[in-house]
Structure formats: structure tokens, C-alpha cells
Amino acid sequence: MDSSITKDATMEPQAIKSYQQILDNVLAQKLEQNEKRIKAITDYKKGHKKVIEGLEAYPLSLSENCMVPIGKLAFMKGKLTHTNEILIYLGEGYFVKYSASQAIALCNRRIAWADEMLKSLETEKNLYEMRQYIPLEHDVFGKDRKDIVEHWTENKLDEWKVQHRQREKEYRQKLAKLKEKERIDIRTEEDLFKKLDQLEVEEALEDEIYRLETERKAYYDLKDGKVYDESEEDESDSDQITTEKIQEELKKLEDIQMDRATSDTSKDTNTKEKRRISFAEPCVIEDESNTKEISISREVCSALKQDICNESSEDENDTIRIEFSHSSHTPDIVESNNMEIQSPVDIYKMFNAPKSILKRSPNDMIFNEAAPPLNESSSTDTEDEIEHVKHSAYNSVIKEIVQESKTSPVNVSTEKDEKRIVSRFKLERAGRK
Amino acid sequence: MDPQIQQKILQFETFINDVLKADLAKLAEKLDTKNADVTEFLQLKSVITTFQNTNAEKIGFKTKVDIGNNFFIQAHVPDASKIILDVGLGHYIEFTLDEALIVINIRIKLLEQQIANLRKAVARTNAHIKLILIAIRDLQGMRDI
């Protein structure tokens, strides 16, 4: 058995060719037969149609002149009589005598049958043509075709059957178990509620996670802005190479940043604060967030970039890392009222409350109220700065960024909070209890 | 074996199959049609003689006429003394029964001659085939089997 299979598998191309030829011949023959039959049946149909015509005409008159054929080669003059009596040959030596209308009905039946036959013959023809066409199309008899052979012995089959039965058993058992479980789970109302509660908790957690993610993003944005400011500061402090102009500029900026509180302290911090913060790409952030870019900022950025290159060349990874070292000096910071942010310290004060990641952040609402609309703030700021300093635009830009980054994420989060409504189901339950 | 001889054998065989056997088939077909015609005439002759023998010639007769697909209608022939005969090429001539018989006899004779000729032709082609087969056998060196 095996040997025969292998023999088939390694069939010679010539043998395949001969088989192909045989197949082609058979199909062609079948098609020819089919065509013949189609022709015969169409003729049959046509003949019956003519007969119907005659049968419709002859009974109209009592008798009709005609040539009576005597054999194939001779006729005699005669008359058709009894034109409404028609003898029909049914085959097998049986005749039936019909009236003309009955004969017409018979003809129609025969025509219907012929139509049916023609239809089936047509499908047969299509089938044969398809069979002729498919091997050509898919190159079934191509040269490098191989039979798909699977060696399979009785023993193996038995083994497989046993295994299959076992596996099927296991599967059924599992299924049954699962069903059982489900049934137990939702048998009582309590169970149902438990399950629903569980689902709800899951949903809440998901929401929380999503919210946190967005918050985190916002936090980073905020940080970036802040950091930028600070870096400006130490830039001005530490870097001796930067041009005097820039230094002057920056000092002025810092003045504004400290927001006209006490110029002394701000100066003090300027000179003595020794914080070193570097981060990956401040310029890029600036560019992205700000369209009203000013030349000064660029310069500063470039200077800063140098700094970055020197300091944190190993920080060139795609993660934004901030490195800083505290100075020994403890700056004496002016007490400021809680509502206004004058220095980064204020920000910390306002939002320092440690929070669980699962709880709603408390600063959401406060901050939303505190933060003025974006456009207004920027405009007012610029106005103020124009009054005080000439190069105020830069600072305004910075501030804008800071505020933007503060407001936008918070808004998002609050919106989300509002959206997170307790489910109606839960409310109902609470009400019932 | 000599390749030339082999080629010749092949040629002979193709000649037998493609020419002589085709001729034979054609002749057989012709012979069949002629024989059919003869039988038709013979039948007609017998019918006419029955007309003459019975008194159908005078009083006419009844018959069934096929109007196609084996649907028959009764027909009555009042005057059976005259018959219209196919004389070939789609021409029909009206004869009396006696005249018709003469014509039919002549036609039958003619057909028989034609059949004899055809038979001869068939025999000749058969002989040709046989001859070539013998020649092939000779060429293959299988004598006197």
C-alpha cells in the first residue's frame, strides 16, 4: 500500500502528461455529446412548436387540402378529415387519441420538459467547461507539482483515535465545569450584585489609570516649563562666557519672574542659588509650544545647549532626565500670599499635598478656579511687562507656556471627573439600602 | 532496422489511416444512402401495386398523415389514380400509377448499378489497404506468417 502511494507520488512527468491528455479527451467528448443532445432537444422543441401551430390552424376548418405522403418520395392529393381528432404516438407502440386542444396541452408539457432539459444541459456544459478550464488556469499539471502524501498506518490511526477521544473528554469536562461555575456564580441575586460590583470596580480602576496617565503627561509639561526658567537662572549665574547682554537680559527677566516682590531677595537668589538643572531639549519644547519666538530665547537656548552638552552628554537618551545638585546655601524666601504664584516654591506649596494615585487629586478644582483664562493672562502679562521692561515678550512667552501647561491638563482632568458619573445601577442600590 | 525503411513504414501507415480509410468511410456512406433510396423505391412500388390490386385506385382510401413529431391526423385521398413522384433535384412530376411504376423500375435499376460501382470501389480500397499492409509486413521482414 505504502509503496503504491510513493509510486504515485513520484509519478513521472510523462505519465502525468498522458493522464492530462486522457482527461482532456474525455472532457472534449463529453462536451461534444452535450452539444449534440442540446441540438436534438432544441429541434424537438421547435418541432413541437410547429405542431402547435398546425393544431391551432387545422381544427378551424372541417377539412384541409393536402398532399398525402406515400413514403418519402411520393405524394398523392388528398384531404385532411376529422381535423379535431389527433392520434399521438406516445412511444413503445402506444397511441392516444386527443382533441386538438388536448394535443396542444401535451405539446406545451413536452416543451416545458425540453426547456428543463436544456437548462440542465447548460449547467452540465458549464461544468465540463469549468473542468477543462481550471487545470489550465491553475497549472495543475505543471512540472514541479507534487502529490500531497500522508503516511498513515492502521496503528497510528488507532492511536490517534484514542488520543482524540481523550482530548475530547477533557474538553467536555472543562466545558461542563465552566458551565457549572457560571451557574453557581449567578444563582442568587447577591451573587449577581457581587459580580456587577466587581465589574464596576474594574471599570473605575481603568478610568483612574487613564486619568493618571494624562495627569502625568501634564505634570511633565509643567515641569519642563518650570525647569526652563530655572535653567535660565543658573545660566545667568554660572556661565561666565555668555555675553553681557544676555546676562542683563536674563536678570531683567528674573526680576519679572519674581514678580516685583522684593528685588533684593531675587537678586540674592540669583547670585547665590546654585542649582544645576539640565534637561534634554528645551529648545525643541519651546519651538513646539511657542510660535511667537524671540531671538533672545534662541540665544539663551543655544548657550544652554552648550551647557547641556558639557554636563549631560550621557543623558542623551530619549528619557527626559533632570539632574540637579543643591547648594549648601539655604535661600531665605519671602512669604507670599497663597493665591499667587511668584516663584516655583509657591507652586510646591500650593500643590504639595501628597496624594494617593487612586484618589482624585485635590488640586484639580482649586487650580481650575485659580487659573485665569489663557488669552487674558498672556495679554495682561505682556502689558505689565511692557511697562516694566523692554524685553518682556520673552518672559511672557515663558509664562504663557507655564500657564498653558498648567491649565490645559487640569481642564482635561476636571472634565473627565465630571464625566465620571456613578452608575445609575449603583445609585439605585444605594437608594434601596 | 534501416531508418529509411522505418520512415517508409510510417508513411504507409499514415496513408492507410488518413486516406484509404477515409475513402472507405465515404464510400460506405454513399452506399448506405443508395441502398436506402432503393428500399424506398421498392416500398413505393409495392404500395402502388397494392393500389392497383385493390380497388383503392377507384374509390380512394383513408390514411393517417404525420403532421410532425408523431402527431397524426386522418386524411382521405379521394383520387388514388395519380401520384406525384420525386424525380430529383426538388422536382416532382405527376404520373399515373402505371407510369410511376415504369419510372420507379428505371430508377431502381440505375440505383442498383450505382450500388454495384460503389461496391467495386469499396473492394478496391480494401484491396489497396491490404496491399499496403502486406508491403509493410515485407518491409518489417515478417514474411509468411
# chains A, B, ... in the order shown; residues from 1 in each chain; ligands from 1
call {"tool": "residues_around", "arguments": {"residues": "stretch 45-57 of chain A", "least_positions_apart": "2", "cutoff": "12 Å", "atoms": "only C-alpha atoms", "output": "ChimeraX atom specification"}}
result
/A:38-43,59-64,80,83-88,98-118 /B:66-73
call {"tool": "interface_residues", "arguments": {"of": "chain B", "to": "chain A", "cutoff": "10 Å", "atoms": "only C-alpha atoms", "output": "ChimeraX atom specification"}}
result
/B:37,40-41,43-44,47-48,60-88,92-94,100
call {"tool": "select_by_dssp", "arguments": {"residues": "chain B", "states": "strand (DSSP E or B)", "output": "count of residues only"}}
result
26
call {"tool": "select_by_dssp", "arguments": {"residues": "stretch 38-134 of chain A", "states": "alpha helix (DSSP H)", "output": "ChimeraX atom specification"}}
result
/A:38-57,100-134
call {"tool": "atom_distance", "arguments": {"atom1": "atom CA of A:Lys156", "atom2": "atom CA of A:Arg172"}}
result
23.9 Å
call {"tool": "atom_distance", "arguments": {"atom1": "atom CA of A:Asp147", "atom2": "atom CA of A:Arg131"}}
result
19.2 Å
call {"tool": "atom_distance", "arguments": {"atom1": "atom CA of B:Glu57", "atom2": "atom CA of B:Ile104"}}
result
18.1 Å
call {"tool": "decode", "arguments": {"residues": "stretch 6-70 of chain A", "atoms": "C-alpha atoms", "output": "PDB file, in the first residue's frame"}}
result
ATOM      1  CA  THR A   6       5.030   6.529  -3.046  1.00  0.00           C
ATOM      2  CA  LYS A   7       4.949   5.384  -6.603  1.00  0.00           C
ATOM      3  CA  ASP A   8       2.057   7.699  -7.244  1.00  0.00           C
ATOM      4  CA  ALA A   9       3.825  10.497  -5.506  1.00  0.00           C
ATOM      5  CA  THR A  10       6.861  10.236  -7.711  1.00  0.00           C
ATOM      6  CA  MET A  11       4.878   9.982 -10.883  1.00  0.00           C
ATOM      7  CA  GLU A  12       6.810  10.675 -13.971  1.00  0.00           C
ATOM      8  CA  PRO A  13       6.001  13.808 -15.869  1.00  0.00           C
ATOM      9  CA  GLN A  14       5.247  11.807 -18.966  1.00  0.00           C
ATOM     10  CA  ALA A  15       2.642   9.776 -17.145  1.00  0.00           C
ATOM     11  CA  ILE A  16       1.113  12.970 -15.870  1.00  0.00           C
ATOM     12  CA  LYS A  17       1.018  14.301 -19.371  1.00  0.00           C
ATOM     13  CA  SER A  18      -0.744  11.210 -20.642  1.00  0.00           C
ATOM     14  CA  TYR A  19      -3.268  11.478 -17.857  1.00  0.00           C
ATOM     15  CA  GLN A  20      -3.824  15.065 -18.728  1.00  0.00           C
ATOM     16  CA  GLN A  21      -4.419  14.106 -22.321  1.00  0.00           C
ATOM     17  CA  ILE A  22      -6.905  11.450 -21.316  1.00  0.00           C
ATOM     18  CA  LEU A  23      -8.724  13.938 -19.150  1.00  0.00           C
ATOM     19  CA  ASP A  24      -8.815  16.462 -21.952  1.00  0.00           C
ATOM     20  CA  ASN A  25     -10.131  13.873 -24.389  1.00  0.00           C
ATOM     21  CA  VAL A  26     -12.839  12.745 -22.050  1.00  0.00           C
ATOM     22  CA  LEU A  27     -13.947  16.257 -21.387  1.00  0.00           C
ATOM     23  CA  ALA A  28     -13.969  17.129 -25.057  1.00  0.00           C
ATOM     24  CA  GLN A  29     -16.019  14.025 -25.801  1.00  0.00           C
ATOM     25  CA  LYS A  30     -18.481  14.889 -23.074  1.00  0.00           C
ATOM     26  CA  LEU A  31     -18.814  18.389 -24.385  1.00  0.00           C
ATOM     27  CA  GLU A  32     -19.478  17.086 -27.853  1.00  0.00           C
ATOM     28  CA  GLN A  33     -22.160  14.757 -26.576  1.00  0.00           C
ATOM     29  CA  ASN A  34     -23.638  17.556 -24.597  1.00  0.00           C
ATOM     30  CA  GLU A  35     -23.774  19.746 -27.663  1.00  0.00           C
ATOM     31  CA  LYS A  36     -25.459  17.002 -29.675  1.00  0.00           C
ATOM     32  CA  ARG A  37     -28.084  16.495 -27.028  1.00  0.00           C
ATOM     33  CA  ILE A  38     -28.707  20.193 -26.798  1.00  0.00           C
ATOM     34  CA  LYS A  39     -29.213  20.344 -30.523  1.00  0.00           C
ATOM     35  CA  ALA A  40     -31.557  17.360 -30.513  1.00  0.00           C
ATOM     36  CA  ILE A  41     -33.677  18.803 -27.767  1.00  0.00           C
ATOM     37  CA  THR A  42     -33.860  22.224 -29.370  1.00  0.00           C
ATOM     38  CA  ASP A  43     -35.013  20.515 -32.557  1.00  0.00           C
ATOM     39  CA  TYR A  44     -37.589  18.565 -30.588  1.00  0.00           C
ATOM     40  CA  LYS A  45     -38.824  21.789 -29.073  1.00  0.00           C
ATOM     41  CA  LYS A  46     -39.013  23.541 -32.421  1.00  0.00           C
ATOM     42  CA  GLY A  47     -40.909  20.580 -33.931  1.00  0.00           C
ATOM     43  CA  HIS A  48     -43.486  20.706 -31.170  1.00  0.00           C
ATOM     44  CA  LYS A  49     -43.907  24.434 -31.633  1.00  0.00           C
ATOM     45  CA  LYS A  50     -44.661  23.837 -35.295  1.00  0.00           C
ATOM     46  CA  VAL A  51     -47.094  21.101 -34.391  1.00  0.00           C
ATOM     47  CA  ILE A  52     -48.871  23.520 -32.094  1.00  0.00           C
ATOM     48  CA  GLU A  53     -49.164  25.981 -34.954  1.00  0.00           C
ATOM     49  CA  GLY A  54     -50.674  23.286 -37.138  1.00  0.00           C
ATOM     50  CA  LEU A  55     -53.001  22.113 -34.397  1.00  0.00           C
ATOM     51  CA  GLU A  56     -54.207  25.646 -33.923  1.00  0.00           C
ATOM     52  CA  ALA A  57     -54.907  26.008 -37.656  1.00  0.00           C
ATOM     53  CA  TYR A  58     -56.399  22.671 -38.728  1.00  0.00           C
ATOM     54  CA  PRO A  59     -59.398  22.410 -36.406  1.00  0.00           C
ATOM     55  CA  LEU A  60     -60.641  25.762 -37.696  1.00  0.00           C
ATOM     56  CA  SER A  61     -61.777  24.114 -40.899  1.00  0.00           C
ATOM     57  CA  LEU A  62     -63.631  20.889 -41.311  1.00  0.00           C
ATOM     58  CA  SER A  63     -61.239  19.586 -43.925  1.00  0.00           C
ATOM     59  CA  GLU A  64     -57.993  20.772 -45.428  1.00  0.00           C
ATOM     60  CA  ASN A  65     -56.460  20.005 -48.773  1.00  0.00           C
ATOM     61  CA  CYS A  66     -53.044  18.440 -48.511  1.00  0.00           C
ATOM     62  CA  MET A  67     -50.550  16.230 -50.216  1.00  0.00           C
ATOM     63  CA  VAL A  68     -50.557  12.878 -48.506  1.00  0.00           C
ATOM     64  CA  PRO A  69     -47.077  11.479 -48.471  1.00  0.00           C
ATOM     65  CA  ILE A  70     -46.670   7.934 -49.611  1.00  0.00           C
TER      66      ILE A  70
END
